[in-house]
Structure formats: structure tokens, C-alpha cells
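Pasting structure-v8.cif here (mmCIF, C-alpha atoms):
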data_query
loop_
_atom_site.label_atom_id
_atom_site.label_comp_id
_atom_site.auth_asym_id
_atom_site.auth_seq_id
_atom_site.Cartn_x
_atom_site.Cartn_y
_atom_site.Cartn_z
CA MET A 195 -73.74 23.33 -63.33
CA SER A 196 -77.33 23.80 -62.25
CA ASN A 197 -78.70 27.06 -60.96
CA GLU A 198 -78.18 26.30 -57.34
CA THR A 199 -79.68 28.04 -54.40
CA ALA A 200 -78.43 27.32 -50.97
CA ALA A 201 -79.20 28.54 -47.54
CA SER A 202 -76.25 29.05 -45.29
CA GLY A 203 -76.59 30.58 -41.88
CA GLY A 204 -80.08 31.81 -42.71
CA VAL A 205 -79.00 33.64 -45.89
CA GLU A 206 -80.30 32.43 -49.25
CA ILE A 207 -77.63 32.59 -51.88
CA ALA A 208 -77.95 31.67 -55.54
CA LEU A 209 -75.05 31.13 -57.92
CA THR A 210 -76.57 33.81 -60.09
CA ASP A 211 -76.10 36.35 -57.29
CA ARG A 212 -73.42 39.01 -57.41
CA PHE A 213 -71.54 40.25 -54.37
CA ALA A 214 -69.07 43.05 -53.87
CA ARG A 215 -66.43 43.70 -51.23
CA ALA A 216 -67.77 46.14 -48.65
CA GLU A 217 -66.22 49.59 -48.70
CA THR A 218 -65.58 49.18 -45.00
CA SER A 219 -63.17 46.31 -45.59
CA ALA A 220 -59.60 45.80 -46.74
CA GLY A 221 -57.68 42.66 -47.65
CA GLU A 222 -54.04 41.64 -47.88
CA SER A 223 -52.23 38.38 -48.51
CA ALA A 224 -50.16 36.89 -45.69
CA PRO A 225 -47.92 33.80 -45.54
CA GLY A 226 -50.23 30.88 -46.18
CA ASP A 227 -53.31 32.99 -45.58
CA TYR A 228 -55.36 35.95 -46.68
CA LEU A 229 -56.46 38.58 -44.15
CA ILE A 230 -59.56 40.75 -44.32
CA LEU A 231 -59.94 43.78 -42.08
CA ASP A 232 -63.32 45.03 -40.94
CA LEU A 233 -62.80 48.78 -40.81
CA ALA A 234 -65.92 49.25 -38.74
CA THR A 235 -64.55 47.25 -35.82
CA GLY A 236 -60.79 47.07 -36.42
CA ARG A 237 -60.98 43.27 -36.30
CA TYR A 238 -59.38 41.15 -39.02
CA PHE A 239 -59.95 37.60 -40.16
CA GLY A 240 -57.93 34.95 -41.99
CA VAL A 241 -59.83 33.31 -44.84
CA GLY A 242 -57.04 31.24 -46.38
CA GLU A 243 -55.62 31.38 -49.87
CA VAL A 244 -58.78 30.09 -51.53
CA GLY A 245 -60.80 32.63 -49.55
CA GLY A 246 -58.49 35.37 -50.73
CA PHE A 247 -58.86 34.21 -54.32
CA ILE A 248 -62.63 34.42 -53.99
CA TRP A 249 -62.47 37.76 -52.16
CA ASP A 250 -60.45 39.33 -54.97
CA ARG A 251 -63.20 38.35 -57.41
CA LEU A 252 -66.12 39.81 -55.48
CA ASP A 253 -66.29 42.86 -57.72
CA GLY A 254 -70.07 43.10 -58.00
CA GLU A 255 -69.92 42.27 -61.70
CA ARG A 256 -69.27 38.56 -62.00
CA ASP A 257 -71.82 36.19 -60.56
CA LEU A 258 -70.89 33.43 -58.14
CA ARG A 259 -71.18 30.80 -60.85
CA ALA A 260 -68.34 32.43 -62.76
CA ILE A 261 -66.22 32.53 -59.61
CA VAL A 262 -66.90 28.85 -58.96
CA ARG A 263 -65.55 28.04 -62.41
CA GLU A 264 -62.42 30.09 -61.73
CA VAL A 265 -61.85 28.46 -58.34
CA SER A 266 -62.34 25.01 -59.84
CA ALA A 267 -59.87 25.69 -62.64
CA HIS A 268 -57.25 27.44 -60.52
CA PHE A 269 -57.20 25.03 -57.59
CA GLU A 270 -58.10 21.93 -59.64
CA VAL A 271 -61.13 20.95 -57.58
CA ASP A 272 -64.54 19.82 -58.74
CA GLN A 273 -67.15 22.51 -59.17
CA GLU A 274 -69.52 21.03 -56.63
CA SER A 275 -66.91 21.30 -53.85
CA ALA A 276 -65.94 24.75 -55.02
CA SER A 277 -69.56 25.81 -55.02
CA THR A 278 -70.17 24.58 -51.48
CA ASP A 279 -67.08 26.32 -50.12
CA LEU A 280 -67.83 29.51 -52.00
CA ILE A 281 -71.40 29.79 -50.77
CA GLU A 282 -70.29 29.15 -47.21
CA LEU A 283 -67.63 31.86 -47.41
CA VAL A 284 -69.83 34.41 -49.15
CA SER A 285 -72.61 33.79 -46.67
CA TRP A 286 -70.22 34.47 -43.80
CA LEU A 287 -68.81 37.58 -45.49
CA HIS A 288 -72.34 38.86 -46.00
CA GLU A 289 -73.35 38.17 -42.40
CA THR A 290 -70.31 39.96 -41.04
CA GLY A 291 -70.80 42.93 -43.36
CA LEU A 292 -67.59 42.37 -45.29
CA ALA A 293 -69.46 41.80 -48.58
CA THR A 294 -72.69 43.19 -49.91
CA ARG A 295 -75.13 41.83 -52.43
CA SER A 296 -74.98 43.79 -55.71
CA MET B 68 -56.46 87.83 -33.26
CA THR B 69 -54.28 85.20 -31.68
CA ALA B 70 -50.61 85.47 -32.61
CA GLY B 71 -49.38 82.43 -34.45
CA GLY B 72 -46.72 81.07 -36.69
CA SER B 73 -45.70 78.34 -39.05
CA LEU B 74 -43.37 75.39 -38.55
CA HIS B 75 -42.11 72.91 -41.16
CA LEU B 76 -40.67 69.64 -39.89
CA GLN B 77 -39.19 67.02 -42.21
CA VAL B 78 -39.35 63.55 -40.72
CA GLY B 79 -37.80 61.85 -43.73
CA PRO B 80 -38.19 61.38 -47.49
CA GLY B 81 -41.79 62.13 -48.38
CA LEU B 82 -43.03 63.05 -44.91
CA VAL B 83 -43.16 66.71 -43.96
CA PHE B 84 -45.49 68.23 -41.40
CA ARG B 85 -46.48 71.87 -41.58
CA PHE B 86 -48.01 73.37 -38.45
CA ASP B 87 -49.85 76.71 -38.65
CA LEU B 88 -50.89 77.23 -35.07
CA PRO B 89 -51.12 79.80 -32.27
CA GLU B 90 -47.75 80.66 -30.80
CA ARG B 91 -48.18 79.00 -27.39
CA LEU B 92 -49.17 75.73 -29.06
CA LEU B 93 -46.57 76.00 -31.83
CA ARG B 94 -43.70 76.36 -29.35
CA ARG B 95 -44.80 73.20 -27.56
CA VAL B 96 -45.00 71.31 -30.84
CA GLU B 97 -41.53 72.54 -31.72
CA ARG B 98 -40.16 71.36 -28.38
CA PHE B 99 -41.86 67.97 -28.64
CA LEU B 100 -40.60 67.40 -32.18
CA GLY B 101 -37.26 69.12 -31.65
CA TYR B 102 -35.32 66.17 -33.05
CA PHE B 103 -36.62 67.01 -36.53
CA ALA B 104 -35.81 70.71 -36.33
CA GLY B 105 -33.29 72.15 -38.73
CA ARG B 106 -33.81 69.57 -41.44
CA GLU B 107 -34.29 71.07 -44.86
CA ALA B 108 -37.75 70.28 -46.14
CA SER B 109 -37.76 69.03 -49.71
CA PRO B 110 -39.87 71.32 -51.92
CA ALA B 111 -41.13 68.23 -53.73
CA ASP B 112 -42.79 66.88 -50.58
CA GLU B 113 -46.34 68.08 -50.07
CA PRO B 114 -46.64 68.70 -46.32
CA VAL B 115 -49.26 67.22 -44.07
CA ARG B 116 -50.98 70.29 -42.71
CA VAL B 117 -52.03 70.86 -39.12
CA THR B 118 -53.86 74.15 -38.58
CA SER B 119 -56.34 75.82 -36.27
CA ALA B 120 -59.18 75.38 -38.72
CA PRO B 121 -62.26 73.32 -37.85
CA PRO B 122 -63.23 70.39 -40.06
CA ALA B 123 -64.73 71.30 -43.43
CA ALA B 124 -68.02 69.59 -42.67
CA GLU B 125 -70.09 69.07 -39.58
CA VAL B 126 -68.65 66.31 -37.45
CA PRO B 127 -71.09 63.45 -36.88
CA ALA B 128 -71.47 61.79 -33.53
CA GLY B 129 -69.02 58.99 -32.96
CA GLY B 130 -68.19 56.26 -30.51
CA ALA B 131 -65.16 56.31 -28.26
CA LEU B 132 -62.14 54.33 -29.44
CA LEU B 133 -60.06 55.08 -26.40
CA ALA B 134 -60.63 56.84 -23.11
CA GLU B 135 -57.64 57.83 -21.03
CA PRO B 136 -59.22 60.56 -18.92
CA PRO B 137 -59.20 63.41 -19.54
CA LEU B 138 -58.38 62.44 -23.16
CA VAL B 139 -61.09 60.80 -25.24
CA VAL B 140 -60.41 59.54 -28.77
CA ARG B 141 -63.43 59.10 -31.01
CA ARG B 142 -64.12 58.03 -34.56
CA ALA B 143 -66.64 60.26 -36.30
CA GLY B 144 -67.24 59.33 -39.90
CA GLU B 145 -63.93 59.60 -41.71
CA LEU B 146 -62.34 61.61 -38.88
CA ILE B 147 -60.51 60.66 -35.72
CA LEU B 148 -61.12 63.14 -32.89
CA PHE B 149 -58.81 63.76 -29.94
CA GLU B 150 -60.64 65.62 -27.21
CA LEU B 151 -59.63 67.23 -23.96
CA PRO B 152 -62.08 69.54 -22.21
CA ARG B 153 -60.55 72.70 -23.76
CA VAL B 154 -58.52 71.34 -26.63
CA LYS B 155 -60.20 69.62 -29.55
CA ALA B 156 -58.31 68.08 -32.47
CA TRP B 157 -59.49 66.32 -35.59
CA CYS B 158 -57.59 64.14 -38.06
CA ASP B 159 -58.52 63.40 -41.63
CA SER B 160 -56.25 60.41 -42.22
CA ALA B 161 -57.15 59.97 -45.88
CA GLY B 162 -56.83 63.64 -46.68
CA GLY B 163 -53.62 64.07 -44.71
CA ARG B 164 -54.73 67.10 -42.73
CA ALA B 165 -55.72 67.96 -39.19
CA GLY B 166 -56.82 70.78 -36.97
CA ILE B 167 -56.30 71.70 -33.33
CA ILE B 168 -58.85 74.08 -31.82
CA LEU B 169 -58.15 75.79 -28.52
CA ARG B 170 -60.85 76.96 -26.15
CA GLN B 171 -58.69 78.93 -23.74
CA PRO B 172 -56.83 75.99 -22.23
CA THR B 173 -54.34 76.45 -19.43
CA ASP B 174 -50.65 75.81 -20.03
CA ALA B 175 -51.00 72.55 -18.15
CA GLU B 176 -53.83 71.45 -20.44
CA LEU B 177 -51.77 72.29 -23.51
CA ASP B 178 -48.85 70.30 -22.14
CA LEU B 179 -51.20 67.39 -21.49
CA PHE B 180 -52.54 67.54 -25.03
CA ILE B 181 -49.05 67.54 -26.52
CA GLY B 182 -47.95 64.65 -24.32
CA LEU B 183 -51.01 62.48 -24.93
CA ALA B 184 -52.39 63.33 -28.36
CA LEU B 185 -49.80 64.85 -30.69
CA ALA B 186 -47.91 61.64 -31.47
CA PRO B 187 -51.09 59.60 -32.09
CA MET B 188 -52.34 62.38 -34.38
CA LEU B 189 -49.14 62.29 -36.43
CA ILE B 190 -49.35 58.50 -36.59
CA GLU B 191 -52.88 58.83 -37.96
CA LEU B 192 -51.71 61.31 -40.60
CA ALA B 193 -48.51 59.63 -41.76
CA PRO B 194 -50.13 56.91 -43.93
CA SER B 195 -51.36 59.63 -46.28
CA ARG B 196 -47.68 59.94 -47.29
CA GLY B 197 -46.95 56.22 -47.25
CA TRP B 198 -45.34 56.18 -43.79
CA LEU B 199 -46.33 54.24 -40.68
CA GLY B 200 -45.87 55.11 -37.04
CA VAL B 201 -45.78 52.29 -34.50
CA HIS B 202 -45.63 52.07 -30.75
CA ALA B 203 -42.25 50.33 -30.60
CA ALA B 204 -38.62 50.74 -29.70
CA GLY B 205 -36.09 50.74 -32.49
CA VAL B 206 -32.44 49.71 -32.27
CA ALA B 207 -29.71 49.19 -34.84
CA ILE B 208 -27.02 46.56 -34.31
CA ASP B 209 -24.30 46.25 -36.93
CA GLY B 210 -26.52 48.02 -39.41
CA ALA B 211 -29.50 45.72 -38.81
CA GLY B 212 -32.64 47.50 -37.72
CA ILE B 213 -34.63 45.66 -35.07
CA LEU B 214 -38.16 46.74 -34.26
CA LEU B 215 -39.47 45.99 -30.77
CA PRO B 216 -43.23 46.57 -30.79
CA GLY B 217 -45.30 46.17 -27.68
CA PRO B 218 -47.65 47.89 -25.26
CA SER B 219 -46.51 49.89 -22.25
CA GLY B 220 -44.79 47.64 -19.74
CA ALA B 221 -43.57 45.10 -22.29
CA GLY B 222 -39.96 46.10 -21.69
CA LYS B 223 -39.23 48.27 -24.71
CA SER B 224 -37.55 51.09 -22.78
CA THR B 225 -35.61 48.65 -20.58
CA ILE B 226 -34.22 46.82 -23.60
CA PHE B 227 -33.58 50.11 -25.41
CA THR B 228 -31.47 51.34 -22.50
CA GLN B 229 -29.57 48.06 -22.27
CA VAL B 230 -28.78 48.07 -25.98
CA HIS B 231 -27.57 51.66 -25.71
CA ARG B 232 -25.34 50.80 -22.73
CA ALA B 233 -23.85 47.92 -24.71
CA GLY B 234 -22.69 50.47 -27.27
CA HIS B 235 -25.10 49.65 -30.08
CA GLY B 236 -27.14 52.10 -32.12
CA VAL B 237 -30.56 53.19 -30.90
CA LEU B 238 -33.36 55.08 -32.64
CA SER B 239 -36.20 55.70 -30.18
CA ASP B 240 -37.67 53.90 -27.20
CA ASP B 241 -41.43 54.31 -27.61
CA LEU B 242 -42.35 55.35 -31.16
CA VAL B 243 -40.72 54.46 -34.47
CA TRP B 244 -41.44 55.59 -38.01
CA LEU B 245 -41.49 52.95 -40.74
CA ARG B 246 -41.16 53.74 -44.41
CA PRO B 247 -42.11 50.74 -46.58
CA SER B 248 -40.79 50.77 -50.12
CA ALA B 249 -40.14 48.33 -52.94
CA ASP B 250 -36.68 47.70 -51.46
CA GLY B 251 -37.95 46.84 -48.00
CA VAL B 252 -38.76 48.79 -44.86
CA THR B 253 -36.65 51.61 -43.41
CA MET B 254 -36.84 52.53 -39.73
CA HIS B 255 -36.62 56.14 -38.61
CA ALA B 256 -36.35 57.59 -35.13
CA PHE B 257 -39.37 59.24 -33.49
CA PRO B 258 -38.02 60.39 -30.13
CA ARG B 259 -40.24 61.99 -27.51
CA GLY B 260 -39.91 65.61 -26.60
CA ALA B 261 -37.11 67.46 -24.92
CA GLY B 262 -36.53 66.70 -21.28
CA GLU B 263 -37.19 63.00 -21.58
CA PRO B 264 -34.61 60.90 -19.70
CA MET B 265 -34.02 58.35 -22.47
CA PRO B 266 -30.92 58.55 -24.68
CA GLY B 267 -31.40 60.34 -27.96
CA PRO B 268 -31.07 58.64 -31.34
CA THR B 269 -27.64 57.39 -32.37
CA ALA B 270 -28.96 55.72 -35.52
CA ASP B 271 -31.62 56.63 -38.06
CA GLY B 272 -32.78 55.51 -41.49
CA VAL B 273 -31.78 51.87 -41.03
CA ALA B 274 -33.12 48.86 -42.89
CA LEU B 275 -35.55 46.77 -40.87
CA ARG B 276 -34.20 43.24 -40.49
CA ALA B 277 -36.25 41.69 -37.68
CA ILE B 278 -39.26 42.21 -35.46
CA VAL B 279 -38.70 41.26 -31.84
CA CYS B 280 -41.68 41.28 -29.47
CA PRO B 281 -40.41 41.78 -25.92
CA GLU B 282 -41.83 40.46 -22.69
CA ILE B 283 -40.40 40.88 -19.20
CA VAL B 284 -40.29 37.52 -17.41
CA ASP B 285 -39.32 36.32 -13.95
CA SER B 286 -37.19 33.40 -15.10
CA ILE B 287 -33.42 33.79 -14.73
CA ASP B 288 -32.45 33.28 -18.35
CA SER B 289 -33.39 35.56 -21.21
CA ARG B 290 -34.52 33.76 -24.32
CA LEU B 291 -35.17 34.51 -27.97
CA SER B 292 -37.49 32.23 -29.93
CA PRO B 293 -39.15 32.39 -33.36
CA LEU B 294 -42.57 33.99 -33.42
CA ALA B 295 -45.21 32.88 -35.91
CA PHE B 296 -46.45 35.46 -38.38
CA PRO B 297 -50.03 35.70 -37.02
CA ARG B 298 -48.82 36.55 -33.55
CA ALA B 299 -46.20 39.03 -34.80
CA LEU B 300 -48.86 40.72 -36.90
CA GLU B 301 -51.24 40.84 -33.97
CA VAL B 302 -48.62 42.66 -31.87
CA LEU B 303 -47.71 45.03 -34.69
CA ILE B 304 -51.31 45.88 -35.50
CA GLY B 305 -52.06 46.46 -31.86
CA GLN B 306 -49.36 49.15 -31.82
CA GLY B 307 -49.99 50.70 -35.23
CA GLY B 308 -52.76 53.20 -34.61
CA PHE B 309 -56.49 52.90 -35.07
CA LEU B 310 -57.73 50.68 -37.83
CA THR B 311 -61.16 52.21 -37.92
CA SER B 312 -60.57 55.58 -39.52
CA GLY B 313 -61.94 55.01 -42.95
CA ALA B 314 -60.18 54.34 -46.21
CA SER B 315 -56.65 55.10 -44.97
CA ALA B 316 -57.01 52.45 -42.29
CA GLY B 317 -57.20 49.84 -45.04
CA ASP B 318 -53.95 51.14 -46.50
CA ARG B 319 -52.36 51.07 -43.07
CA PHE B 320 -53.54 47.51 -42.43
CA ARG B 321 -52.11 46.34 -45.72
CA ALA B 322 -48.84 48.12 -45.03
CA LEU B 323 -48.55 46.56 -41.55
CA VAL B 324 -49.20 43.10 -43.00
CA ARG B 325 -46.44 43.68 -45.55
CA VAL B 326 -44.06 44.87 -42.83
CA ALA B 327 -44.82 41.80 -40.72
CA ARG B 328 -44.22 39.40 -43.56
CA SER B 329 -41.09 41.18 -44.83
CA VAL B 330 -38.76 40.11 -42.00
CA PRO B 331 -38.49 37.28 -39.47
CA ALA B 332 -40.16 37.75 -36.10
CA PHE B 333 -39.13 36.64 -32.64
CA ARG B 334 -40.35 36.62 -29.09
CA LEU B 335 -37.87 37.95 -26.54
CA GLU B 336 -38.36 36.85 -22.95
CA ALA B 337 -36.18 39.27 -21.02
CA GLY B 338 -35.05 38.02 -17.62
CA PRO B 339 -33.46 40.09 -14.86
CA ARG B 340 -29.93 39.78 -16.28
CA ARG B 341 -30.38 42.62 -18.72
CA GLN B 342 -26.92 42.33 -20.27
CA GLU B 343 -27.99 39.02 -21.78
CA VAL B 344 -30.66 40.80 -23.79
CA SER B 345 -28.31 42.95 -25.84
CA ALA B 346 -26.10 39.89 -26.43
CA LEU B 347 -29.09 37.92 -27.73
CA LEU B 348 -30.04 40.77 -30.05
CA ALA B 349 -26.44 41.10 -31.26
CA ASP B 350 -26.36 37.38 -32.06
CA LEU B 351 -29.66 37.78 -33.89
CA ALA B 352 -28.38 40.72 -35.92
CA ALA B 353 -25.24 38.78 -36.85
CA GLY B 354 -27.26 35.79 -37.97
CA ILE B 355 -29.95 37.54 -39.98
CA GLU B 356 -29.63 36.76 -43.65
CA GLN B 357 -29.03 39.91 -45.65
CA PRO B 358 -31.14 40.33 -48.77
CA PRO B 359 -29.25 40.03 -52.07
CA ALA B 360 -27.71 43.28 -53.27
#
Encoded form using C-alpha cells:
Amino acid sequence: MSNETAASGGVEIALTDRFARAETSAGESAPGDYLILDLATGRYFGVGEVGGFIWDRLDGERDLRAIVREVSAHFEVDQESASTDLIELVSWLHETGLATRS
Amino acid sequence: MTAGGSLHLQVGPGLVFRFDLPERLLRRVERFLGYFAGREASPADEPVRVTSAPPAAEVPAGGALLAEPPLVVRRAGELILFELPRVKAWCDSAGGRAGIILRQPTDAELDLFIGLALAPMLIELAPSRGWLGVHAAGVAIDGAGILLPGPSGAGKSTIFTQVHRAGHGVLSDDLVWLRPSADGVTMHAFPRGAGEPMPGPTADGVALRAIVCPEIVDSIDSRLSPLAFPRALEVLIGQGGFLTSGASAGDRFRALVRVARSVPAFRLEAGPRRQEVSALLADLAAGIEQPPA
């Protein structure tokens, strides 16, 4: 997998980047979904099971490339698709303040 | 020095409130929470403390979460503040402690504070002990606890009264305590203060078996229909306190999600023939699958 940099929603994200769940957020699994609460606003969002899988791994220590590999293996999808979906999700989480760059 | 006293109130296993307050405020608290009086507090339960002390640190400025004049509720850092002109209260949800500070309020202002702010304060504090408080009615039919969450005007009190008249068990008509555990969720009564016209609890500590979201409708027939999880959660979260009070709000959110996914949910359209409503709920209770022993 190449060292990929992508721009999504105006945010440049590289697979070597590390992100962590924001302290002002909380997540919980729900039937067929995964919910993330923004403690700053009281609003919550559904990110799906794959999104929840990724969210759980945003610990600030593993880079996005490692998470792509885990997503690919766990959900049996190719790494390119996993990478695209991951960058899109992480970009959105970063924009909404639910994840921070480590 | 203002005369004061101490009051211990045990809501249920693991949730005890200890109030150390001036006498005139303490007596009002005791009257409002009279249902819990006389219960022996377990020495193993660390009480949630409500005193007259100010917060430990300076309170930062915060935005309003709710304004029901003259009451304003604000979030300030990790605290939730409940403010009337001459009564100020703060809640540290994560720490499980609170304070009520009086600035020479009148009796009427104290009564207003108790009526508007005390229950929301306790709901903010309860998660520190693993409990949840929700704006809901609670009934028990043939041992099955049914939670009826909804805003004011949704029909909770109407349905509560009808269920009581039909001879079934009732917990409380406006606020219910929930105690999630590994075995499921237990419902506990949280009746409003003395003098309220609603019937008192005839059931308590019942296993939650269904969530029913009521709605008063104009159509003749009452109807019960399945409610999808996202909508049931939305209703429950809307009635479960403020989700913006720091770390404990995350715990509360997760607990509410678990409650919502633990039992089936329904929408109840309650028509003018109120006796149909209790019959629908009785049919529901009879048909709910019991968890394996």
C-alpha cells in the first residue's frame, strides 16, 4: 500500500497520520449501527458498524494505514476501498471535532 | 449561622442522597422526596452529597441549555448550573456532588426551586452511581415494567391514570429511575412531592420489558405499533437529562443506548377511548417474551 495522501472536505489526511477520539465524545454500539455523541452539542451520529470499528481504533497510537489493514481483514474488503472509506470518515470526524490529530 | 440539618434518602440499591442543607430548604426536600423517607440506607452505599457549599473552583462562564423563566440552566465547564434569582445550584455529575446556595430567597422562591430544579439535579447526579433518571411514566402489568417516555403533553399522565384505574400496577407518572445491570434494567418509582393529585406508586423495582412512546391522537381507535430503535432512542435521549455535562454525559448516553436496545419499543397512539389504552398495554405485557431464567 503506497503512502497515500488524500484531501477530503478540505482536510489533508495521510495514511501515516494518527488520530484520537476527542475527549468530548462518546460512542456506543446500537442494532446495526454505531452511535457517537458529541458532548459539546448533545447531538449524536450513526456511523455504521464499519465506522464503529474504525472509531474504536482511533487511539492516537496506530496510524491510519494499520487501521486500513484491520478493516480490510475484518470485513474482507480490498485495502483501496477500505482506505477511501476510512479517510472519508476520519475527515468528517475531524471536521466535526469528534477526532483530533495526534 | 443558619440552622440546618442532614437527610439521608435511599432511592434503591446503590443510590443514596445525603442532603446537608439549611432547615427551610431541607424540609422542602424532605416533602418533595417523601416517598423515599424511612428507607434504611445501606452503609455500603456512598451517598451523593448535596450541601450548601459553593463549587471547589471558580465557575467559568457558560451558555444556557434551558431557559424556563425564572429558571435558567447553564453548562459551565464540567458543571451544570440551575439558577433562580436568589437560589443558585451547581451539579458535578462526574463527581456525584452538588451544592445549593441561598441568597435570602422567599418561601415562594424556594418552592419554585424545588418544583423546577430539584428533580433535574438528582437526574444529573444519579449516573455517578450507575442509575438513570428519565422523564417518563412507569407502569407494571403482570410483572412487566413498561416505560412511557415523552415530553409534557405526550399523554404520560393520562395513560398512567387509565392504567391505575384498570387495576394494574403503577410506579410514577412523570419521572422514573432506571437501574441498568448485567441482568437487564430495573424500573423504580420517582413520584413527585406530597400534595400531587396523581396516585402514588403501587409497584416498584420491576424489570423493564418494553418502551412505549405515547402520543395523544384525534382518531377514534387507539393503536400500538412497533417503533424502530433510532426513534425510540431519540425519544429516550430527549427525556434523559442533559448530554453536555462532561464525562458523565458519555456514560449516560451509553447507558441510554443500552436501555433502548435491551427491550422492544412501540409507539402508542392514544385515542379518546382511554380504556382501550390499558387493554392494549395489557395485551403487550402478556405477549412480551420473557428472558430465559
Residue contacts of range 227-243 of chain A (10 Å, only C-alpha atoms) excluding same-chain residues fewer than 6 positions away, as a ChimeraX atom specification: /A:216-221,249,283,287,290-292 /B:132,142,297,301,304-305,309-317,320-321,324
Kindly indicate which residue among B:Leu179, B:Val330, B:Ile208, B:Val201 lies nearest to Val243 in chain B, using all atoms listed in the file for the distances. B:Val201
I'd like to see the residues matched by the PyMOL selection byres ((chain B and resi 150-158) around 8) on this file, and ideally I'd get them as a PyMOL selection string. chain B and resi 121-122+137-140+146-149+159-160+163-172+176-177+180+188+191-192
d(CA of Phe333 in chain B, CA of Lys223 in chain B) in Å: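 Distance between the two atoms: 14.1 Å.
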Starting from the displayed file, determine the output of the PyMOL selection byres ((chain B and resi 77) around 8) and express the residue list as a list in words. His75, Leu76, Val78, Gly79, Pro80, Leu82, Val83, Phe84, Phe103, Ala104, Arg106, Glu107, Ala108 and Ser109 of chain B
Evaluate the PyMOL selection byres ((chain B and resi 209-221) around 8) against this structure - the residues, as a PyMOL selection string, please. chain B and resi 201-208+222-223+235+254+273-283+302-303+305-306+349+352-353
Would you work out the distance separating CA of Glu274 in chain A from CA of Glu206 in chain A, expressed in Å to one decimal?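 A separation of 17.3 Å between them.
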Counting all atoms listed in the file, which of A:Val271, A:Val262, A:Ala224, A:Ile281 gets nearest to Ile207 in chain A?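 That would be A:Ile281, the residue with the smallest distance to Ile207 in chain A.
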Using all atoms listed in the file, determine which residues lie at most 7 Å from Thr210 in chain A, disregarding the query and same-chain residues fewer than 2 positions distant; provide the list as a ChimeraX atom specification. /A:208,212,257-259
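From CA of Gly234 in chain B back to CA of Ser286 in chain B, the distance works out to 25.5 Å.
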Closest of A:Ala293, A:His288, A:Ser223, A:Ile261 to Gln273 in chain A - atom-to-atom distances counting only C-alpha atoms: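 Smallest separation from Gln273 in chain A among the options: A:Ile261.
The smallest atom-to-atom distance between Val284 in chain A and any of A:His268, A:Pro225, A:Gly245, A:Ser296, using all atoms listed in the file, is found for A:Gly245.
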Rank B:Gly272, B:Leu335, B:Ala70, B:Gly130 by their smallest atom-to-atom distance to chain A, using only C-alpha atoms, and report the top residue only. B:Gly130
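In this comparison, which uses only C-alpha atoms, the residue of B:Arg328, B:Arg334, B:Arg341, B:Arg116 approaching Arg196 in chain B most closely is B:Arg116.
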Exercise: range 92-99 of chain B partners within 8 Å, all atoms listed in the file, chain neighbours under 2 positions left out, as a list in words: Gly71, Gly72, Ser73, Leu74, Phe86, Asp87, Leu88, Pro89, Glu90, Gly101, Ala104, Leu177, Asp178, Ile181, Arg259, Gly260 and Ala261 of chain B
Would you list the residues near (-34.8, 39.7, -24.2), meaning any protein, DNA or RNA residue with an atom at most 7 Å from that point in file coordinates, counting all atoms listed in the file, as a list in words?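 Counting all atoms listed in the file, I find these residues within 7 Å of (-34.8, 39.7, -24.2): Pro281, Ser289, Arg290, Leu291, Leu335, Glu336, Ala337, Gly338, Val344 and Leu347 of chain B.
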Residue contacts of Val265 in chain A (9 Å, only C-alpha atoms) excluding same-chain residues fewer than 6 positions away, as a ChimeraX atom specification: /A:244,247-248,271,273,276-277,280
For Gly81 in chain B, list every protein, DNA or RNA residue within 8 Å, evaluated using all atoms listed in the file, and leave out those in the same chain fewer than 5 positions away; present the list as an MDAnalysis selection string. chainID B and resid 112:113 196:197
Put range 78-102 of chain B into a file with C-alpha atoms, as a PDB file, in the first residue's frame.
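Now in selection_12.pdb:
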ATOM      1  CA  VAL B  78     -33.694   5.536  46.326  1.00  0.00           C
ATOM      2  CA  GLY B  79     -32.608   1.956  45.747  1.00  0.00           C
ATOM      3  CA  PRO B  80     -29.566  -0.330  45.701  1.00  0.00           C
ATOM      4  CA  GLY B  81     -26.506   1.830  45.217  1.00  0.00           C
ATOM      5  CA  LEU B  82     -28.230   5.210  45.126  1.00  0.00           C
ATOM      6  CA  VAL B  83     -28.391   7.239  48.312  1.00  0.00           C
ATOM      7  CA  PHE B  84     -28.655  11.006  48.515  1.00  0.00           C
ATOM      8  CA  ARG B  85     -27.399  12.891  51.531  1.00  0.00           C
ATOM      9  CA  PHE B  86     -28.613  16.467  51.926  1.00  0.00           C
ATOM     10  CA  ASP B  87     -26.849  18.815  54.361  1.00  0.00           C
ATOM     11  CA  LEU B  88     -28.840  21.988  53.963  1.00  0.00           C
ATOM     12  CA  PRO B  89     -30.480  24.852  55.851  1.00  0.00           C
ATOM     13  CA  GLU B  90     -33.623  23.799  57.658  1.00  0.00           C
ATOM     14  CA  ARG B  91     -36.163  25.646  55.492  1.00  0.00           C
ATOM     15  CA  LEU B  92     -34.705  24.071  52.351  1.00  0.00           C
ATOM     16  CA  LEU B  93     -34.213  20.644  53.929  1.00  0.00           C
ATOM     17  CA  ARG B  94     -37.873  20.387  54.948  1.00  0.00           C
ATOM     18  CA  ARG B  95     -38.956  21.119  51.394  1.00  0.00           C
ATOM     19  CA  VAL B  96     -36.585  18.483  50.040  1.00  0.00           C
ATOM     20  CA  GLU B  97     -37.960  16.007  52.557  1.00  0.00           C
ATOM     21  CA  ARG B  98     -41.529  16.761  51.496  1.00  0.00           C
ATOM     22  CA  PHE B  99     -40.696  16.516  47.783  1.00  0.00           C
ATOM     23  CA  LEU B 100     -38.882  13.204  48.217  1.00  0.00           C
ATOM     24  CA  GLY B 101     -41.174  11.894  50.940  1.00  0.00           C
ATOM     25  CA  TYR B 102     -41.737   8.603  49.116  1.00  0.00           C
TER      26      TYR B 102
END
